[in-house]
Amino acid sequence: MKKFLAVAFAALGFSAAVAQTPVNPNASPEAKELLKFIYAQSGNGILTGQHSYPLFSDIYMERVENLTSGSHPAVFGQDFGYSKPNSLDGINFRQRVVDNAIKWHAKGAIITLMWHSVPPTVEGNFTTWQGEKGVQCKLTDKQWNELTTEGTELNNRWKAHVDVIAFFLRQLQDENIPVIWRPYHEMNGDWFWWGARPGKDGYQKLYRMLYDRLTNYHKINNLIWVFNGNETGSPNVGDYADFFPGHDVVDILATDIYNHKYNRRDYDALLKLANGKPIAWGEVGQLPTPEICREQPKWCWFMCWCEWLETANDYQRRVDIYNAKETITLEEMLQNKK
């Protein structure tokens, strides 16, 4: 990957002088090179990306090829999951997630991973989507305070959940694979247990706890840390700035777009908050158009969510964005390697 990114830099005419280093002072060489590459993308081409459900392995990466006249996404996305074994996001597929990341890294793709985390109120290793203890449950203020207080029962259970994920991330570190890591996403919305808690004692504290646990305790140094909110404009979605944990623990800022509007306000708000750091579309439903990419050129990648590739996008929209001069496919990245 390091050699590939260096060659890609040169081929695209980018200078290493514009690159920044990861917030983790012990970041791996591969993570440093990947972040340099992401910085170089800002305003110079938006990387195409695709998410795949763990149950379906990497099938959506191949679906893109079938649905766009032969192109593959430059970014491969997957989720460590939360649900019972053999379900859509089954926790028994976590090793498959790692294996797929290794596979697509070898093909030249950039890897981005996330985690719909089981709430610390759950004693087991998996849960449901909705319900009293589902991913979309609500923690009471008392439970939240216990979670974020060192040494409590909920805090220790949270650590145990994180430690399992650290085991899988370490495998990728051992393979010298950098990972764009976007934990606890859409936090400015009110639908996940970690969401709708602005301020330093809310989400900001939880994010920093995770950063500390993975970076300082587990020594996971191959991660590029992403603060990934949800598009604004709805009454139940807060401002990005109220949840931002700080530039010392964030490499990239991102947002998820599912209303199909790609409002300029999100672009401008993230650019202002980023203060020179890269921004990205962490998840999208309907794909952006080439026109949107031209109007908002500093997004560094988009990642279409699983079946939305087909349910929210017709053939022409898919082909238009994958053939656009404003975007970069896997094949185009590989061409730069030659």
# chains A, B, ... in the order shown; residues from 1 in each chain; ligands from 1
>>> closest_atom_pairs(of="range 4-89 of chain A", to="range 268-280 of chain A", cutoff="8 Å", atoms="only C-alpha atoms", output="CSV")
residue,atom,partner,partner_atom,distance
A:Ile38,CA,A:Pro278,CA,7.0
A:Tyr39,CA,A:Pro278,CA,5.8
A:Ser42,CA,A:Pro278,CA,6.5
>>> closest_atom_pairs(of="range 117-183 of chain A", to="range 68-81 of chain A", cutoff="9 Å", atoms="only C-alpha atoms", output="CSV")
residue,atom,partner,partner_atom,distance
A:Ser117,CA,A:Gly81,CA,7.1
A:Val118,CA,A:Gly81,CA,8.5
A:Phe126,CA,A:Gly81,CA,8.4
A:Ile165,CA,A:Phe80,CA,7.6
A:Phe168,CA,A:Phe80,CA,8.9
>>> residues_around(residues="Asp248 in chain A", least_positions_apart="2", cutoff="7 Å", atoms="only C-alpha atoms", output="PyMOL selection string")
chain A and resi 23+246+250
>>> closest_residue(among="A:Pro297, A:Pro85, A:Gly195, A:Gly124", to="Pro54 in chain A", atoms="only C-alpha atoms")
A:Pro85
>>> atom_distance(atom1="CA of Asp266 in chain A", atom2="CA of Leu309 in chain A")
22.1 Å
>>> residues_around(residues="Cys137 in chain A", least_positions_apart="2", cutoff="9 Å", atoms="only C-alpha atoms", output="ChimeraX atom specification")
/A:119,129-135,139,191-193
>>> select_by_dssp(residues="range 25-260 of chain A", states="helix (DSSP H, G or I)", output="ChimeraX atom specification")
/A:29-41,54-56,59-67,91-106,141-147,153-174,203-217,240-242
>>> residues_around(residues="Arg170 in chain A", least_positions_apart="6", cutoff="10 Å", atoms="only C-alpha atoms", output="PyMOL selection string")
chain A and resi 98+176-177+214+218-222
>>> closest_residue(among="A:Met333, A:Ala312, A:Leu34, A:Leu113", to="His51 in chain A", atoms="only C-alpha atoms")
A:Leu113
>>> atom_distance(atom1="CA of Asn216 in chain A", atom2="CA of Trp115 in chain A")
19.5 Å
>>> atom_distance(atom1="CA of Cys304 in chain A", atom2="CA of Leu287 in chain A")
6.8 Å
>>> select_by_dssp(residues="range 91-213 of chain A", states="strand (DSSP E)", output="JSON, numbers by chain")
{"A": [110, 111, 112, 113, 114, 179, 180, 181]}
>>> residues_around(residues="Glu295 in chain A", least_positions_apart="2", cutoff="12 Å", atoms="only C-alpha atoms", output="PyMOL selection string")
chain A and resi 43+262-264+267-268+288-293+297-299+326
>>> write_last_selection(atoms="all heavy atoms", output="short mmCIF file (atom, residue, chain, number, x, y, z; two decimals), in the first residue's frame")
data_model
loop_
_atom_site.label_atom_id
_atom_site.label_comp_id
_atom_site.auth_asym_id
_atom_site.auth_seq_id
_atom_site.Cartn_x
_atom_site.Cartn_y
_atom_site.Cartn_z
N GLY A 43 -10.42 18.22 -3.47
CA GLY A 43 -10.48 19.10 -4.63
C GLY A 43 -9.88 18.52 -5.88
O GLY A 43 -9.85 19.19 -6.92
N TYR A 262 -28.08 16.59 -0.79
CA TYR A 262 -26.69 17.04 -0.78
C TYR A 262 -26.62 18.56 -0.59
O TYR A 262 -26.02 19.29 -1.37
CB TYR A 262 -25.99 16.64 -2.07
CG TYR A 262 -25.74 15.14 -2.16
CD1 TYR A 262 -26.65 14.29 -2.79
CD2 TYR A 262 -24.61 14.58 -1.58
CE1 TYR A 262 -26.43 12.92 -2.84
CE2 TYR A 262 -24.38 13.21 -1.63
CZ TYR A 262 -25.29 12.39 -2.26
OH TYR A 262 -25.06 11.04 -2.32
N ASN A 263 -27.26 19.02 0.49
CA ASN A 263 -27.33 20.45 0.75
C ASN A 263 -25.95 21.06 0.99
O ASN A 263 -25.08 20.46 1.65
CB ASN A 263 -28.20 20.72 1.98
CG ASN A 263 -29.67 20.49 1.68
OD1 ASN A 263 -30.19 21.00 0.71
ND2 ASN A 263 -30.34 19.69 2.52
N ARG A 264 -25.77 22.24 0.48
CA ARG A 264 -24.50 22.95 0.61
C ARG A 264 -24.17 23.25 2.07
O ARG A 264 -23.00 23.35 2.44
CB ARG A 264 -24.58 24.25 -0.20
CG ARG A 264 -23.35 25.13 -0.13
CD ARG A 264 -22.32 24.71 -1.11
NE ARG A 264 -21.07 25.45 -0.93
CZ ARG A 264 -20.14 25.55 -1.86
NH1 ARG A 264 -20.31 24.98 -3.03
NH2 ARG A 264 -19.04 26.23 -1.63
N TYR A 267 -21.75 20.72 3.57
CA TYR A 267 -20.42 20.92 2.99
C TYR A 267 -19.71 22.09 3.67
O TYR A 267 -18.58 21.97 4.14
CB TYR A 267 -20.58 21.16 1.50
CG TYR A 267 -19.32 21.40 0.71
CD1 TYR A 267 -18.40 20.38 0.50
CD2 TYR A 267 -19.06 22.64 0.12
CE1 TYR A 267 -17.25 20.58 -0.26
CE2 TYR A 267 -17.93 22.86 -0.64
CZ TYR A 267 -17.02 21.82 -0.83
OH TYR A 267 -15.89 22.03 -1.59
N ASP A 268 -20.40 23.23 3.74
CA ASP A 268 -19.80 24.43 4.32
C ASP A 268 -19.54 24.25 5.81
O ASP A 268 -18.48 24.68 6.33
CB ASP A 268 -20.71 25.64 4.09
CG ASP A 268 -20.80 26.03 2.63
OD1 ASP A 268 -19.87 25.68 1.85
OD2 ASP A 268 -21.79 26.67 2.23
N PRO A 288 -24.21 10.76 -5.39
CA PRO A 288 -24.12 12.15 -5.86
C PRO A 288 -24.00 12.17 -7.39
O PRO A 288 -23.57 11.19 -8.00
CB PRO A 288 -22.83 12.65 -5.21
CG PRO A 288 -22.01 11.42 -5.02
CD PRO A 288 -23.00 10.32 -4.70
N THR A 289 -24.38 13.25 -7.98
CA THR A 289 -24.22 13.42 -9.42
C THR A 289 -22.88 14.09 -9.71
O THR A 289 -22.28 14.70 -8.83
CB THR A 289 -25.34 14.30 -9.99
OG1 THR A 289 -25.22 15.62 -9.40
CG2 THR A 289 -26.71 13.72 -9.68
N PRO A 290 -22.40 13.99 -10.94
CA PRO A 290 -21.18 14.73 -11.29
C PRO A 290 -21.31 16.22 -11.02
O PRO A 290 -20.33 16.86 -10.62
CB PRO A 290 -21.03 14.43 -12.79
CG PRO A 290 -21.67 13.09 -12.98
CD PRO A 290 -22.86 13.11 -12.05
N GLU A 291 -22.51 16.77 -11.21
CA GLU A 291 -22.73 18.20 -10.97
C GLU A 291 -22.52 18.54 -9.50
O GLU A 291 -21.89 19.55 -9.15
CB GLU A 291 -24.13 18.60 -11.41
CG GLU A 291 -24.38 18.58 -12.91
CD GLU A 291 -24.50 17.17 -13.47
OE1 GLU A 291 -24.81 16.23 -12.71
OE2 GLU A 291 -24.29 17.00 -14.70
N ILE A 292 -23.03 17.68 -8.61
CA ILE A 292 -22.85 17.91 -7.18
C ILE A 292 -21.37 17.84 -6.83
O ILE A 292 -20.86 18.64 -6.04
CB ILE A 292 -23.65 16.87 -6.37
CG1 ILE A 292 -25.15 17.13 -6.52
CG2 ILE A 292 -23.26 16.91 -4.88
CD1 ILE A 292 -26.03 16.03 -5.96
N CYS A 293 -20.67 16.89 -7.42
CA CYS A 293 -19.24 16.76 -7.16
C CYS A 293 -18.46 17.98 -7.62
O CYS A 293 -17.48 18.38 -6.98
CB CYS A 293 -18.70 15.50 -7.83
SG CYS A 293 -19.35 13.96 -7.15
N PRO A 297 -16.39 20.16 -4.42
CA PRO A 297 -15.26 19.33 -4.86
C PRO A 297 -14.34 18.82 -3.76
O PRO A 297 -13.51 17.95 -4.02
CB PRO A 297 -14.49 20.27 -5.78
CG PRO A 297 -14.76 21.64 -5.23
CD PRO A 297 -16.19 21.58 -4.78
N LYS A 298 -14.48 19.31 -2.54
CA LYS A 298 -13.52 18.94 -1.51
C LYS A 298 -13.88 17.67 -0.75
O LYS A 298 -13.12 17.23 0.13
CB LYS A 298 -13.30 20.11 -0.53
CG LYS A 298 -12.54 21.26 -1.16
CD LYS A 298 -12.18 22.32 -0.14
CE LYS A 298 -11.34 23.41 -0.78
NZ LYS A 298 -10.02 22.92 -1.22
N TRP A 299 -15.04 17.06 -1.05
CA TRP A 299 -15.30 15.74 -0.49
C TRP A 299 -14.24 14.78 -1.02
O TRP A 299 -13.91 14.78 -2.20
CB TRP A 299 -16.69 15.25 -0.90
CG TRP A 299 -17.83 16.11 -0.44
CD1 TRP A 299 -18.61 16.91 -1.23
CD2 TRP A 299 -18.33 16.24 0.90
NE1 TRP A 299 -19.57 17.53 -0.47
CE2 TRP A 299 -19.43 17.14 0.85
CE3 TRP A 299 -17.97 15.68 2.13
CZ2 TRP A 299 -20.15 17.49 1.97
CZ3 TRP A 299 -18.71 16.04 3.26
CH2 TRP A 299 -19.77 16.93 3.18
N GLU A 326 -14.95 13.61 -12.35
CA GLU A 326 -14.81 14.11 -10.97
C GLU A 326 -14.57 13.00 -9.96
O GLU A 326 -14.27 13.27 -8.79
CB GLU A 326 -16.06 14.89 -10.56
CG GLU A 326 -16.28 16.19 -11.30
CD GLU A 326 -16.91 16.00 -12.68
OE1 GLU A 326 -17.36 14.86 -12.99
OE2 GLU A 326 -16.97 16.97 -13.46
#
>>> closest_residue(among="A:Gln50, A:Thr311, A:Asn336, A:Asn259", to="Ile111 in chain A", atoms="only C-alpha atoms")
A:Gln50
